[in-house]
$ cat model37.pdb   # PDB, C-alpha atoms, pLDDT in the B column
ATOM      1  CA  MET A   1     -90.245 -13.621 -51.577  1.00 37.00           C
ATOM      2  CA  PRO A   2     -91.288 -17.284 -51.863  1.00 43.00           C
ATOM      3  CA  THR A   3     -90.042 -19.201 -54.885  1.00 49.00           C
ATOM      4  CA  ARG A   4     -92.729 -20.118 -57.411  1.00 51.00           C
ATOM      5  CA  TYR A   5     -92.348 -23.481 -59.094  1.00 52.00           C
ATOM      6  CA  SER A   6     -93.811 -24.706 -62.370  1.00 52.00           C
ATOM      7  CA  MET A   7     -94.354 -28.188 -63.775  1.00 53.00           C
ATOM      8  CA  GLN A   8     -91.373 -29.735 -65.524  1.00 56.00           C
ATOM      9  CA  ALA A   9     -91.436 -32.730 -67.835  1.00 54.00           C
ATOM     10  CA  TYR A  10     -89.779 -35.814 -66.404  1.00 55.00           C
ATOM     11  CA  ARG A  11     -86.530 -36.878 -68.026  1.00 64.00           C
ATOM     12  CA  ARG A  12     -85.326 -40.352 -67.152  1.00 70.00           C
ATOM     13  CA  ALA A  13     -81.993 -40.424 -65.315  1.00 76.00           C
ATOM     14  CA  PRO A  14     -79.106 -42.614 -66.533  1.00 84.00           C
ATOM     15  CA  SER A  15     -78.672 -45.968 -64.819  1.00 87.00           C
ATOM     16  CA  TRP A  16     -76.690 -46.060 -61.594  1.00 87.00           C
ATOM     17  CA  ARG A  17     -74.107 -48.424 -63.107  1.00 92.00           C
ATOM     18  CA  SER A  18     -73.467 -46.332 -66.212  1.00 93.00           C
ATOM     19  CA  THR A  19     -73.044 -43.219 -64.066  1.00 94.00           C
ATOM     20  CA  TRP A  20     -70.642 -44.992 -61.698  1.00 95.00           C
ATOM     21  CA  ASP A  21     -68.580 -46.372 -64.573  1.00 95.00           C
ATOM     22  CA  SER A  22     -68.335 -42.909 -66.088  1.00 95.00           C
ATOM     23  CA  MET A  23     -67.258 -41.355 -62.788  1.00 96.00           C
ATOM     24  CA  TYR A  24     -64.660 -44.036 -62.078  1.00 96.00           C
ATOM     25  CA  SER A  25     -63.149 -43.936 -65.580  1.00 96.00           C
ATOM     26  CA  LYS A  26     -62.548 -40.190 -65.246  1.00 96.00           C
ATOM     27  CA  LEU A  27     -61.140 -40.423 -61.713  1.00 96.00           C
ATOM     28  CA  GLU A  28     -58.801 -43.376 -62.274  1.00 94.00           C
ATOM     29  CA  PRO A  29     -56.131 -41.531 -64.347  1.00 92.00           C
ATOM     30  CA  LEU A  30     -55.960 -38.875 -61.604  1.00 92.00           C
ATOM     31  CA  ALA A  31     -55.621 -41.320 -58.720  1.00 92.00           C
ATOM     32  CA  VAL A  32     -52.282 -39.979 -57.447  1.00 89.00           C
ATOM     33  CA  GLU A  33     -53.364 -36.330 -57.595  1.00 89.00           C
ATOM     34  CA  ILE A  34     -56.618 -37.213 -55.818  1.00 92.00           C
ATOM     35  CA  LEU A  35     -55.248 -39.469 -53.090  1.00 92.00           C
ATOM     36  CA  GLU A  36     -52.030 -37.651 -52.257  1.00 87.00           C
ATOM     37  CA  PRO A  37     -53.733 -34.779 -50.327  1.00 83.00           C
ATOM     38  CA  THR A  38     -55.528 -37.306 -48.115  1.00 88.00           C
ATOM     39  CA  GLY A  39     -52.369 -38.863 -46.750  1.00 87.00           C
ATOM     40  CA  PHE A  40     -53.303 -42.116 -48.472  1.00 90.00           C
ATOM     41  CA  TYR A  41     -49.795 -43.041 -49.576  1.00 88.00           C
ATOM     42  CA  GLU A  42     -48.338 -42.399 -46.139  1.00 87.00           C
ATOM     43  CA  ARG A  43     -51.064 -44.547 -44.607  1.00 87.00           C
ATOM     44  CA  TYR A  44     -50.209 -47.474 -46.884  1.00 85.00           C
ATOM     45  CA  ASP A  45     -46.453 -46.763 -46.802  1.00 84.00           C
ATOM     46  CA  ILE A  46     -46.196 -46.153 -50.547  1.00 80.00           C
ATOM     47  CA  GLU A  47     -43.499 -43.790 -51.817  1.00 76.00           C
ATOM     48  CA  ILE A  48     -44.864 -41.214 -54.256  1.00 70.00           C
ATOM     49  CA  SER A  49     -41.582 -41.379 -56.179  1.00 63.00           C
ATOM     50  CA  ASP A  50     -42.272 -45.070 -56.815  1.00 58.00           C
ATOM     51  CA  VAL A  51     -45.665 -44.360 -58.354  1.00 59.00           C
ATOM     52  CA  VAL A  52     -45.354 -44.550 -62.133  1.00 59.00           C
ATOM     53  CA  LYS A  53     -47.764 -42.688 -64.393  1.00 61.00           C
ATOM     54  CA  ASP A  54     -50.217 -44.811 -66.422  1.00 63.00           C
ATOM     55  CA  ARG A  55     -49.563 -47.883 -64.275  1.00 71.00           C
ATOM     56  CA  LYS A  56     -52.336 -50.158 -63.040  1.00 81.00           C
ATOM     57  CA  LEU A  57     -53.775 -49.136 -59.699  1.00 84.00           C
ATOM     58  CA  GLY A  58     -53.237 -51.303 -56.658  1.00 86.00           C
ATOM     59  CA  THR A  59     -56.121 -52.854 -54.748  1.00 89.00           C
ATOM     60  CA  GLU A  60     -56.145 -50.153 -52.064  1.00 90.00           C
ATOM     61  CA  GLU A  61     -56.090 -47.394 -54.673  1.00 91.00           C
ATOM     62  CA  LYS A  62     -58.980 -48.968 -56.579  1.00 92.00           C
ATOM     63  CA  ASP A  63     -61.008 -49.185 -53.385  1.00 93.00           C
ATOM     64  CA  ALA A  64     -60.324 -45.540 -52.576  1.00 93.00           C
ATOM     65  CA  ILE A  65     -61.207 -44.292 -56.069  1.00 95.00           C
ATOM     66  CA  GLY A  66     -64.281 -46.549 -56.072  1.00 95.00           C
ATOM     67  CA  ARG A  67     -65.529 -44.919 -52.878  1.00 94.00           C
ATOM     68  CA  ILE A  68     -65.159 -41.487 -54.436  1.00 96.00           C
ATOM     69  CA  ALA A  69     -66.935 -42.614 -57.627  1.00 96.00           C
ATOM     70  CA  THR A  70     -69.769 -43.923 -55.458  1.00 95.00           C
ATOM     71  CA  ALA A  71     -70.048 -40.582 -53.638  1.00 95.00           C
ATOM     72  CA  LEU A  72     -70.286 -38.722 -56.960  1.00 96.00           C
ATOM     73  CA  THR A  73     -72.836 -41.230 -58.274  1.00 95.00           C
ATOM     74  CA  ILE A  74     -75.060 -40.807 -55.207  1.00 93.00           C
ATOM     75  CA  ALA A  75     -74.991 -37.047 -55.675  1.00 93.00           C
ATOM     76  CA  ALA A  76     -75.649 -37.319 -59.423  1.00 93.00           C
ATOM     77  CA  ASP A  77     -78.620 -39.610 -58.844  1.00 90.00           C
ATOM     78  CA  ALA A  78     -80.065 -37.210 -56.272  1.00 89.00           C
ATOM     79  CA  ALA A  79     -79.703 -34.309 -58.700  1.00 89.00           C
ATOM     80  CA  HIS A  80     -82.176 -36.011 -61.051  1.00 86.00           C
ATOM     81  CA  ARG A  81     -84.903 -36.166 -58.401  1.00 84.00           C
ATOM     82  CA  THR A  82     -87.842 -33.823 -58.843  1.00 82.00           C
ATOM     83  CA  PRO A  83     -87.695 -30.894 -56.364  1.00 79.00           C
ATOM     84  CA  PRO A  84     -90.570 -30.765 -53.829  1.00 80.00           C
ATOM     85  CA  GLY A  85     -91.762 -27.455 -55.237  1.00 80.00           C
ATOM     86  CA  VAL A  86     -92.132 -28.950 -58.714  1.00 82.00           C
ATOM     87  CA  VAL A  87     -93.936 -31.961 -57.242  1.00 85.00           C
ATOM     88  CA  ALA A  88     -96.362 -29.583 -55.535  1.00 86.00           C
ATOM     89  CA  ALA A  89     -96.935 -27.708 -58.811  1.00 87.00           C
ATOM     90  CA  TRP A  90     -97.810 -30.980 -60.560  1.00 88.00           C
ATOM     91  CA  LEU A  91    -100.178 -32.007 -57.769  1.00 90.00           C
ATOM     92  CA  GLU A  92    -101.997 -28.670 -57.900  1.00 88.00           C
ATOM     93  CA  ARG A  93    -102.417 -29.009 -61.663  1.00 88.00           C
ATOM     94  CA  ILE A  94    -103.691 -32.589 -61.356  1.00 88.00           C
ATOM     95  CA  ALA A  95    -106.086 -31.596 -58.567  1.00 88.00           C
ATOM     96  CA  ALA A  96    -107.580 -28.966 -60.860  1.00 88.00           C
ATOM     97  CA  THR A  97    -107.641 -30.924 -64.125  1.00 83.00           C
ATOM     98  CA  ALA A  98    -107.206 -34.633 -63.230  1.00 72.00           C
ATOM     99  CA  LEU A  99    -104.478 -34.649 -65.915  1.00 75.00           C
ATOM    100  CA  PHE A 100    -102.688 -37.744 -64.642  1.00 74.00           C
ATOM    101  CA  ARG A 101    -101.922 -40.226 -67.381  1.00 68.00           C
ATOM    102  CA  SER A 102     -98.924 -38.484 -68.857  1.00 62.00           C
ATOM    103  CA  GLU A 103     -95.566 -39.945 -69.854  1.00 63.00           C
ATOM    104  CA  GLN A 104     -93.975 -36.723 -68.663  1.00 71.00           C
ATOM    105  CA  LEU A 105     -95.193 -37.205 -65.100  1.00 78.00           C
ATOM    106  CA  PRO A 106     -92.265 -37.361 -62.615  1.00 82.00           C
ATOM    107  CA  PRO A 107     -92.193 -40.604 -60.594  1.00 81.00           C
ATOM    108  CA  GLU A 108     -92.280 -38.632 -57.313  1.00 84.00           C
ATOM    109  CA  VAL A 109     -95.656 -37.179 -58.333  1.00 86.00           C
ATOM    110  CA  HIS A 110     -96.981 -40.582 -59.312  1.00 84.00           C
ATOM    111  CA  TRP A 111     -95.970 -41.993 -55.926  1.00 84.00           C
ATOM    112  CA  GLN A 112     -97.661 -39.134 -54.064  1.00 88.00           C
ATOM    113  CA  ILE A 113    -100.896 -39.810 -55.945  1.00 88.00           C
ATOM    114  CA  ALA A 114    -100.710 -43.554 -55.258  1.00 86.00           C
ATOM    115  CA  SER A 115    -100.006 -42.974 -51.563  1.00 87.00           C
ATOM    116  CA  CYS A 116    -103.050 -40.721 -51.154  1.00 89.00           C
ATOM    117  CA  TYR A 117    -105.470 -42.505 -53.504  1.00 89.00           C
ATOM    118  CA  ARG A 118    -108.661 -44.075 -52.124  1.00 88.00           C
ATOM    119  CA  ARG A 119    -111.949 -45.288 -53.533  1.00 88.00           C
ATOM    120  CA  GLY A 120    -114.209 -44.190 -50.713  1.00 86.00           C
ATOM    121  CA  SER A 121    -113.681 -43.448 -47.031  1.00 84.00           C
ATOM    122  CA  GLU A 122    -110.971 -46.057 -46.410  1.00 83.00           C
ATOM    123  CA  ARG A 123    -107.393 -45.195 -45.429  1.00 84.00           C
ATOM    124  CA  PRO A 124    -105.428 -43.407 -48.209  1.00 82.00           C
ATOM    125  CA  GLY A 125    -103.077 -45.692 -50.101  1.00 77.00           C
ATOM    126  CA  THR A 126    -105.188 -48.807 -49.553  1.00 77.00           C
ATOM    127  CA  HIS A 127    -105.803 -49.380 -53.280  1.00 77.00           C
ATOM    128  CA  VAL A 128    -102.508 -48.455 -54.893  1.00 76.00           C
ATOM    129  CA  GLN A 129    -103.188 -51.144 -57.493  1.00 79.00           C
ATOM    130  CA  ASP A 130    -105.769 -48.840 -59.080  1.00 76.00           C
ATOM    131  CA  VAL A 131    -103.057 -46.282 -59.780  1.00 79.00           C
ATOM    132  CA  TRP A 132    -100.252 -48.688 -60.649  1.00 73.00           C
ATOM    133  CA  GLY A 133    -102.377 -51.358 -62.343  1.00 59.00           C
ATOM    134  CA  ARG A 134    -101.629 -50.255 -65.867  1.00 52.00           C
ATOM    135  CA  ARG A 135     -97.916 -49.752 -65.223  1.00 51.00           C
ATOM    136  CA  ARG A 136     -97.105 -53.492 -65.329  1.00 51.00           C
ATOM    137  CA  VAL A 137     -97.018 -53.943 -61.558  1.00 53.00           C
ATOM    138  CA  ARG A 138     -98.572 -57.174 -60.270  1.00 57.00           C
ATOM    139  CA  PHE A 139    -100.878 -57.050 -57.233  1.00 60.00           C
ATOM    140  CA  GLU A 140    -102.886 -59.792 -55.568  1.00 62.00           C
ATOM    141  CA  ALA A 141    -105.845 -57.469 -55.148  1.00 68.00           C
ATOM    142  CA  LYS A 142    -107.923 -56.721 -58.238  1.00 74.00           C
ATOM    143  CA  ALA A 143    -107.522 -53.253 -59.646  1.00 73.00           C
ATOM    144  CA  GLN A 144    -110.379 -50.924 -60.544  1.00 79.00           C
ATOM    145  CA  ARG A 145    -110.281 -48.056 -62.961  1.00 80.00           C
ATOM    146  CA  ALA A 146    -108.927 -44.946 -61.278  1.00 82.00           C
ATOM    147  CA  THR A 147    -111.552 -42.274 -61.959  1.00 86.00           C
ATOM    148  CA  ASN A 148    -110.699 -38.639 -62.567  1.00 87.00           C
ATOM    149  CA  ALA A 149    -112.560 -37.599 -59.415  1.00 89.00           C
ATOM    150  CA  ARG A 150    -110.552 -40.001 -57.252  1.00 89.00           C
ATOM    151  CA  ILE A 151    -107.283 -38.934 -58.853  1.00 89.00           C
ATOM    152  CA  ALA A 152    -108.088 -35.271 -58.263  1.00 91.00           C
ATOM    153  CA  ARG A 153    -108.994 -35.992 -54.644  1.00 91.00           C
ATOM    154  CA  ALA A 154    -105.722 -37.864 -54.113  1.00 89.00           C
ATOM    155  CA  ALA A 155    -103.790 -34.963 -55.640  1.00 90.00           C
ATOM    156  CA  ARG A 156    -105.491 -32.469 -53.302  1.00 90.00           C
ATOM    157  CA  LEU A 157    -104.710 -34.642 -50.286  1.00 89.00           C
ATOM    158  CA  ALA A 158    -101.085 -35.093 -51.390  1.00 89.00           C
ATOM    159  CA  ALA A 159    -100.641 -31.365 -52.013  1.00 88.00           C
ATOM    160  CA  ALA A 160    -102.046 -30.558 -48.573  1.00 86.00           C
ATOM    161  CA  SER A 161     -99.738 -33.094 -46.916  1.00 80.00           C
ATOM    162  CA  LEU A 162     -96.584 -31.546 -48.373  1.00 75.00           C
ATOM    163  CA  LYS A 163     -95.102 -29.166 -45.844  1.00 62.00           C
ATOM    164  CA  ARG A 164     -93.712 -26.114 -47.542  1.00 56.00           C
ATOM    165  CA  ARG A 165     -90.803 -24.514 -45.757  1.00 52.00           C
ATOM    166  CA  ARG A 166     -90.220 -20.810 -45.827  1.00 49.00           C
ATOM    167  CA  GLY A 167     -87.012 -19.463 -47.272  1.00 44.00           C
ATOM    168  CA  ARG A 168     -84.638 -20.876 -49.827  1.00 47.00           C
ATOM    169  CA  PRO A 169     -84.883 -24.682 -50.169  1.00 50.00           C
ATOM    170  CA  SER A 170     -81.787 -26.647 -49.211  1.00 55.00           C
ATOM    171  CA  LYS A 171     -79.906 -28.450 -51.958  1.00 81.00           C
ATOM    172  CA  VAL A 172     -79.802 -32.134 -51.058  1.00 86.00           C
ATOM    173  CA  VAL A 173     -77.021 -32.795 -53.585  1.00 91.00           C
ATOM    174  CA  ASN A 174     -74.610 -30.580 -51.641  1.00 93.00           C
ATOM    175  CA  HIS A 175     -75.380 -32.398 -48.383  1.00 93.00           C
ATOM    176  CA  LEU A 176     -75.015 -35.871 -49.892  1.00 93.00           C
ATOM    177  CA  LEU A 177     -71.795 -34.884 -51.611  1.00 94.00           C
ATOM    178  CA  ALA A 178     -70.396 -33.414 -48.387  1.00 94.00           C
ATOM    179  CA  GLU A 179     -71.306 -36.511 -46.376  1.00 93.00           C
ATOM    180  CA  TYR A 180     -69.987 -39.168 -48.743  1.00 94.00           C
ATOM    181  CA  LEU A 181     -66.877 -37.321 -49.937  1.00 95.00           C
ATOM    182  CA  ALA A 182     -65.994 -36.510 -46.331  1.00 93.00           C
ATOM    183  CA  CYS A 183     -66.317 -40.215 -45.536  1.00 93.00           C
ATOM    184  CA  ALA A 184     -64.117 -41.165 -48.504  1.00 93.00           C
ATOM    185  CA  PHE A 185     -61.531 -38.534 -47.550  1.00 92.00           C
ATOM    186  CA  ARG A 186     -61.347 -39.709 -43.935  1.00 91.00           C
ATOM    187  CA  TRP A 187     -61.216 -43.381 -44.997  1.00 89.00           C
ATOM    188  CA  SER A 188     -58.186 -42.602 -47.149  1.00 87.00           C
ATOM    189  CA  GLY A 189     -56.434 -41.063 -44.149  1.00 86.00           C
ATOM    190  CA  GLY A 190     -57.380 -37.398 -44.428  1.00 83.00           C
ATOM    191  CA  ARG A 191     -58.438 -35.022 -41.672  1.00 84.00           C
ATOM    192  CA  ILE A 192     -61.057 -32.421 -42.579  1.00 84.00           C
ATOM    193  CA  VAL A 193     -60.053 -28.950 -41.458  1.00 75.00           C
ATOM    194  CA  ARG A 194     -61.330 -25.845 -43.174  1.00 67.00           C
ATOM    195  CA  GLY A 195     -58.602 -23.293 -43.793  1.00 62.00           C
ATOM    196  CA  VAL A 196     -57.950 -20.070 -45.671  1.00 57.00           C
ATOM    197  CA  MET A 197     -54.910 -18.423 -47.171  1.00 55.00           C
ATOM    198  CA  PRO A 198     -54.241 -14.769 -48.106  1.00 54.00           C
ATOM    199  CA  VAL A 199     -53.712 -13.750 -51.748  1.00 52.00           C
ATOM    200  CA  ASP A 200     -52.850 -10.336 -53.103  1.00 56.00           C
ATOM    201  CA  LYS A 201     -55.712  -8.285 -54.520  1.00 63.00           C
ATOM    202  CA  GLU A 202     -55.321  -6.338 -57.723  1.00 69.00           C
ATOM    203  CA  GLY A 203     -54.807  -2.728 -56.767  1.00 66.00           C
ATOM    204  CA  GLY A 204     -53.475  -3.552 -53.322  1.00 62.00           C
ATOM    205  CA  GLY A 205     -54.567  -5.342 -50.197  1.00 61.00           C
ATOM    206  CA  VAL A 206     -55.266  -9.019 -49.653  1.00 51.00           C
ATOM    207  CA  ARG A 207     -58.216 -11.351 -49.794  1.00 54.00           C
ATOM    208  CA  TYR A 208     -58.660 -14.780 -48.281  1.00 51.00           C
ATOM    209  CA  ILE A 209     -59.509 -17.903 -50.238  1.00 55.00           C
ATOM    210  CA  GLU A 210     -60.327 -21.459 -49.187  1.00 60.00           C
ATOM    211  CA  ALA A 211     -57.305 -23.722 -48.848  1.00 64.00           C
ATOM    212  CA  GLY A 212     -56.187 -26.960 -47.265  1.00 80.00           C
ATOM    213  CA  PRO A 213     -56.001 -30.679 -48.150  1.00 86.00           C
ATOM    214  CA  PHE A 214     -59.759 -31.280 -48.202  1.00 89.00           C
ATOM    215  CA  HIS A 215     -60.371 -28.249 -50.431  1.00 89.00           C
ATOM    216  CA  ARG A 216     -57.664 -29.482 -52.798  1.00 89.00           C
ATOM    217  CA  PHE A 217     -59.195 -32.964 -52.728  1.00 92.00           C
ATOM    218  CA  LEU A 218     -62.612 -31.575 -53.674  1.00 93.00           C
ATOM    219  CA  GLY A 219     -61.080 -29.651 -56.545  1.00 92.00           C
ATOM    220  CA  GLU A 220     -59.533 -32.846 -57.903  1.00 93.00           C
ATOM    221  CA  VAL A 221     -62.652 -35.059 -57.705  1.00 96.00           C
ATOM    222  CA  ILE A 222     -65.575 -32.758 -58.472  1.00 95.00           C
ATOM    223  CA  GLY A 223     -64.979 -32.488 -62.235  1.00 96.00           C
ATOM    224  CA  PRO A 224     -66.810 -35.659 -63.396  1.00 97.00           C
ATOM    225  CA  LEU A 225     -69.907 -34.705 -61.390  1.00 96.00           C
ATOM    226  CA  GLN A 226     -69.929 -31.157 -62.786  1.00 96.00           C
ATOM    227  CA  GLU A 227     -69.701 -32.572 -66.318  1.00 96.00           C
ATOM    228  CA  HIS A 228     -72.623 -34.924 -65.615  1.00 95.00           C
ATOM    229  CA  LEU A 229     -74.780 -32.126 -64.226  1.00 93.00           C
ATOM    230  CA  GLU A 230     -74.010 -29.792 -67.116  1.00 94.00           C
ATOM    231  CA  ARG A 231     -74.669 -32.519 -69.696  1.00 92.00           C
ATOM    232  CA  HIS A 232     -78.130 -33.152 -68.253  1.00 90.00           C
ATOM    233  CA  GLY A 233     -79.017 -29.487 -67.733  1.00 88.00           C
ATOM    234  CA  LEU A 234     -78.842 -29.698 -63.932  1.00 89.00           C
ATOM    235  CA  PRO A 235     -77.486 -27.048 -61.534  1.00 89.00           C
ATOM    236  CA  ARG A 236     -73.796 -27.347 -60.722  1.00 91.00           C
ATOM    237  CA  VAL A 237     -72.448 -27.610 -57.197  1.00 93.00           C
ATOM    238  CA  THR A 238     -69.854 -25.366 -55.556  1.00 91.00           C
ATOM    239  CA  ILE A 239     -66.766 -26.626 -53.767  1.00 91.00           C
ATOM    240  CA  GLU A 240     -67.046 -23.934 -51.100  1.00 90.00           C
ATOM    241  CA  THR A 241     -70.557 -25.025 -50.137  1.00 92.00           C
ATOM    242  CA  VAL A 242     -69.645 -28.706 -50.029  1.00 93.00           C
ATOM    243  CA  GLU A 243     -66.562 -27.942 -47.930  1.00 91.00           C
ATOM    244  CA  ARG A 244     -68.542 -25.813 -45.479  1.00 90.00           C
ATOM    245  CA  ILE A 245     -71.183 -28.515 -44.931  1.00 92.00           C
ATOM    246  CA  ALA A 246     -68.562 -31.251 -44.590  1.00 91.00           C
ATOM    247  CA  THR A 247     -66.580 -29.209 -42.058  1.00 89.00           C
ATOM    248  CA  GLU A 248     -69.641 -28.374 -39.997  1.00 89.00           C
ATOM    249  CA  LYS A 249     -71.342 -31.787 -40.035  1.00 89.00           C
ATOM    250  CA  PHE A 250     -69.029 -34.554 -41.232  1.00 88.00           C
ATOM    251  CA  ALA A 251     -65.504 -33.653 -40.150  1.00 80.00           C
ATOM    252  CA  LEU A 252     -65.422 -36.423 -37.550  1.00 73.00           C
ATOM    253  CA  GLY A 253     -66.209 -40.054 -38.175  1.00 56.00           C
ATOM    254  CA  GLY A 254     -69.490 -41.359 -36.747  1.00 45.00           C
TER
END

$ encode --input "model37.pdb" --output "structure tokens"
Amino acid sequence: MPTRYSMQAYRRAPSWRSTWDSMYSKLEPLAVEILEPTGFYERYDIEISDVVKDRKLGTEEKDAIGRIATALTIAADAAHRTPPGVVAAWLERIAATALFRSEQLPPEVHWQIASCYRRGSERPGTHVQDVWGRRRVRFEAKAQRATNARIARAARLAAASLKRRRGRPSKVVNHLLAEYLACAFRWSGGRIVRGVMPVDKEGGGVRYIEAGPFHRFLGEVIGPLQEHLERHGLPRVTIETVERIATEKFALGG
């Protein structure tokens, strides 16, 4: 059955910098545990036995942890974006009621309206200043008042232009996380290979679980992102899904 979406109030996402700082500060104390599975210390000829706990990180280590923090920040930022189905629900409501000037309006909806807005028969998006004029954006062209009828028409056009795919929508956060963490893992010296290992089942028999250096790496770095998502009421990600996508699409450097 198709998923039905409803309007959701927009909640402003934290700044990119504050998110990155938070991610990095939580990853830094775990640098050795994170980088060791990648082969990082062998690559830079650093003996693990020489690595002292609570010491300052070297330049190469900071770069590696910074790349991972950036990957988590990209995924966190994407998680705050309004899903296409919710955007469509807003557009349908605006098309029916012209309810547009709301502080709870997601920015993706506002952009769709601006892109499809027109005064008459000209090309849609020609007079974006009418929509953005009162949002402290400066335009050379003079803005006119955006009427309810024009707003509703723009919403109908935007809703019609959105292509709805059948089936379960893909989760862009998983794909971004897979791509950028795979890149960080390979940059540190790791090779992405998906593996499994047998474990005993209660009552007899065995079952197979994900294993390998990349899986271990994901387990070490994913915590700060999961905390961010939970704190902001956003869906968590799963290591198994991220590992599968990374293995299928990003195992080799491009």

$ closest_residue --input "model37.pdb" --among "A:Leu162, A:Leu177, A:Ala152, A:Ala13" --to "Pro84 (chain A)" --atoms "all atoms listed in the file"
A:Leu162

$ closest_residue --input "model37.pdb" --among "A:Cys183, A:Ile113, A:Val221, A:Glu122" --to "Ser25 (chain A)" --atoms "only C-alpha atoms"
A:Val221

$ residues_around --input "model37.pdb" --residues "Tyr180 (chain A)" --least-positions-apart "3" --cutoff "9 Å" --atoms "all atoms listed in the file" --output "PyMOL selection string"
chain A and resi 67-68+70-72+74-75+175-177+183-185+250

$ resolve_selection --input "model37.pdb" --expression "the PyMOL selection byres ((chain A and resi 118) around 10)" --output "PyMOL selection string"
chain A and resi 113-117+119-128+130-131+146+150-151+153-154

$ residues_near_point --input "model37.pdb" --point "(-98.3, -28.6, -58.2)" --cutoff "10 Å" --atoms "all atoms listed in the file" --output "PDB file with C-alpha atoms, in the frame of the given file"
ATOM      1  CA  TYR A   5     -92.348 -23.481 -59.094  1.00 52.00           C
ATOM      2  CA  SER A   6     -93.811 -24.706 -62.370  1.00 52.00           C
ATOM      3  CA  MET A   7     -94.354 -28.188 -63.775  1.00 53.00           C
ATOM      4  CA  PRO A  84     -90.570 -30.765 -53.829  1.00 80.00           C
ATOM      5  CA  GLY A  85     -91.762 -27.455 -55.237  1.00 80.00           C
ATOM      6  CA  VAL A  86     -92.132 -28.950 -58.714  1.00 82.00           C
ATOM      7  CA  VAL A  87     -93.936 -31.961 -57.242  1.00 85.00           C
ATOM      8  CA  ALA A  88     -96.362 -29.583 -55.535  1.00 86.00           C
ATOM      9  CA  ALA A  89     -96.935 -27.708 -58.811  1.00 87.00           C
ATOM     10  CA  TRP A  90     -97.810 -30.980 -60.560  1.00 88.00           C
ATOM     11  CA  LEU A  91    -100.178 -32.007 -57.769  1.00 90.00           C
ATOM     12  CA  GLU A  92    -101.997 -28.670 -57.900  1.00 88.00           C
ATOM     13  CA  ARG A  93    -102.417 -29.009 -61.663  1.00 88.00           C
ATOM     14  CA  ILE A  94    -103.691 -32.589 -61.356  1.00 88.00           C
ATOM     15  CA  ALA A  95    -106.086 -31.596 -58.567  1.00 88.00           C
ATOM     16  CA  ALA A  96    -107.580 -28.966 -60.860  1.00 88.00           C
ATOM     17  CA  VAL A 109     -95.656 -37.179 -58.333  1.00 86.00           C
ATOM     18  CA  ALA A 155    -103.790 -34.963 -55.640  1.00 90.00           C
ATOM     19  CA  ARG A 156    -105.491 -32.469 -53.302  1.00 90.00           C
ATOM     20  CA  ALA A 158    -101.085 -35.093 -51.390  1.00 89.00           C
ATOM     21  CA  ALA A 159    -100.641 -31.365 -52.013  1.00 88.00           C
TER      22      ALA A 159
END

$ atom_distance --input "model37.pdb" --atom1 "CA of Ala182 (chain A)" --atom2 "CA of Glu243 (chain A)"
8.7 Å

$ atom_distance --input "model37.pdb" --atom1 "CA of Trp16 (chain A)" --atom2 "CA of Thr73 (chain A)"
7.0 Å

$ closest_residue --input "model37.pdb" --among "A:Ile65, A:Ala149, A:Leu27, A:Ile48" --to "Ala98 (chain A)" --atoms "all atoms listed in the file"
A:Ala149

$ decode --input "model37.pdb" --residues "region 121-131 of chain A" --atoms "N, CA and C atoms" --output "CSV table (one decimal), in the first residue's frame"
chain,number,residue,atom,x,y,z
A,121,SER,N,0.8,34.5,-17.7
A,121,SER,CA,1.1,33.4,-18.6
A,121,SER,C,2.6,33.2,-18.9
A,122,GLU,N,3.5,34.0,-18.1
A,122,GLU,CA,4.9,33.9,-18.3
A,122,GLU,C,5.4,32.6,-17.8
A,123,ARG,N,6.7,32.3,-18.0
A,123,ARG,CA,7.4,31.1,-17.5
A,123,ARG,C,7.3,31.0,-16.0
A,124,PRO,N,7.0,29.9,-15.4
A,124,PRO,CA,7.0,29.8,-13.9
A,124,PRO,C,8.4,30.1,-13.4
A,125,GLY,N,8.4,30.8,-12.2
A,125,GLY,CA,9.6,31.1,-11.6
A,125,GLY,C,10.2,32.5,-12.0
A,126,THR,N,9.5,33.1,-12.9
A,126,THR,CA,10.0,34.4,-13.4
A,126,THR,C,10.0,35.5,-12.3
A,127,HIS,N,9.0,35.5,-11.5
A,127,HIS,CA,8.9,36.5,-10.5
A,127,HIS,C,9.0,36.0,-9.0
A,128,VAL,N,10.2,35.4,-8.8
A,128,VAL,CA,10.4,34.8,-7.4
A,128,VAL,C,10.4,35.9,-6.4
A,129,GLN,N,10.7,37.1,-6.8
A,129,GLN,CA,10.7,38.2,-5.8
A,129,GLN,C,9.4,38.5,-5.2
A,130,ASP,N,8.3,38.1,-5.8
A,130,ASP,CA,7.0,38.2,-5.2
A,130,ASP,C,6.8,37.3,-4.0
A,131,VAL,N,7.4,36.1,-4.1
A,131,VAL,CA,7.3,35.1,-3.0
A,131,VAL,C,8.4,35.4,-1.9
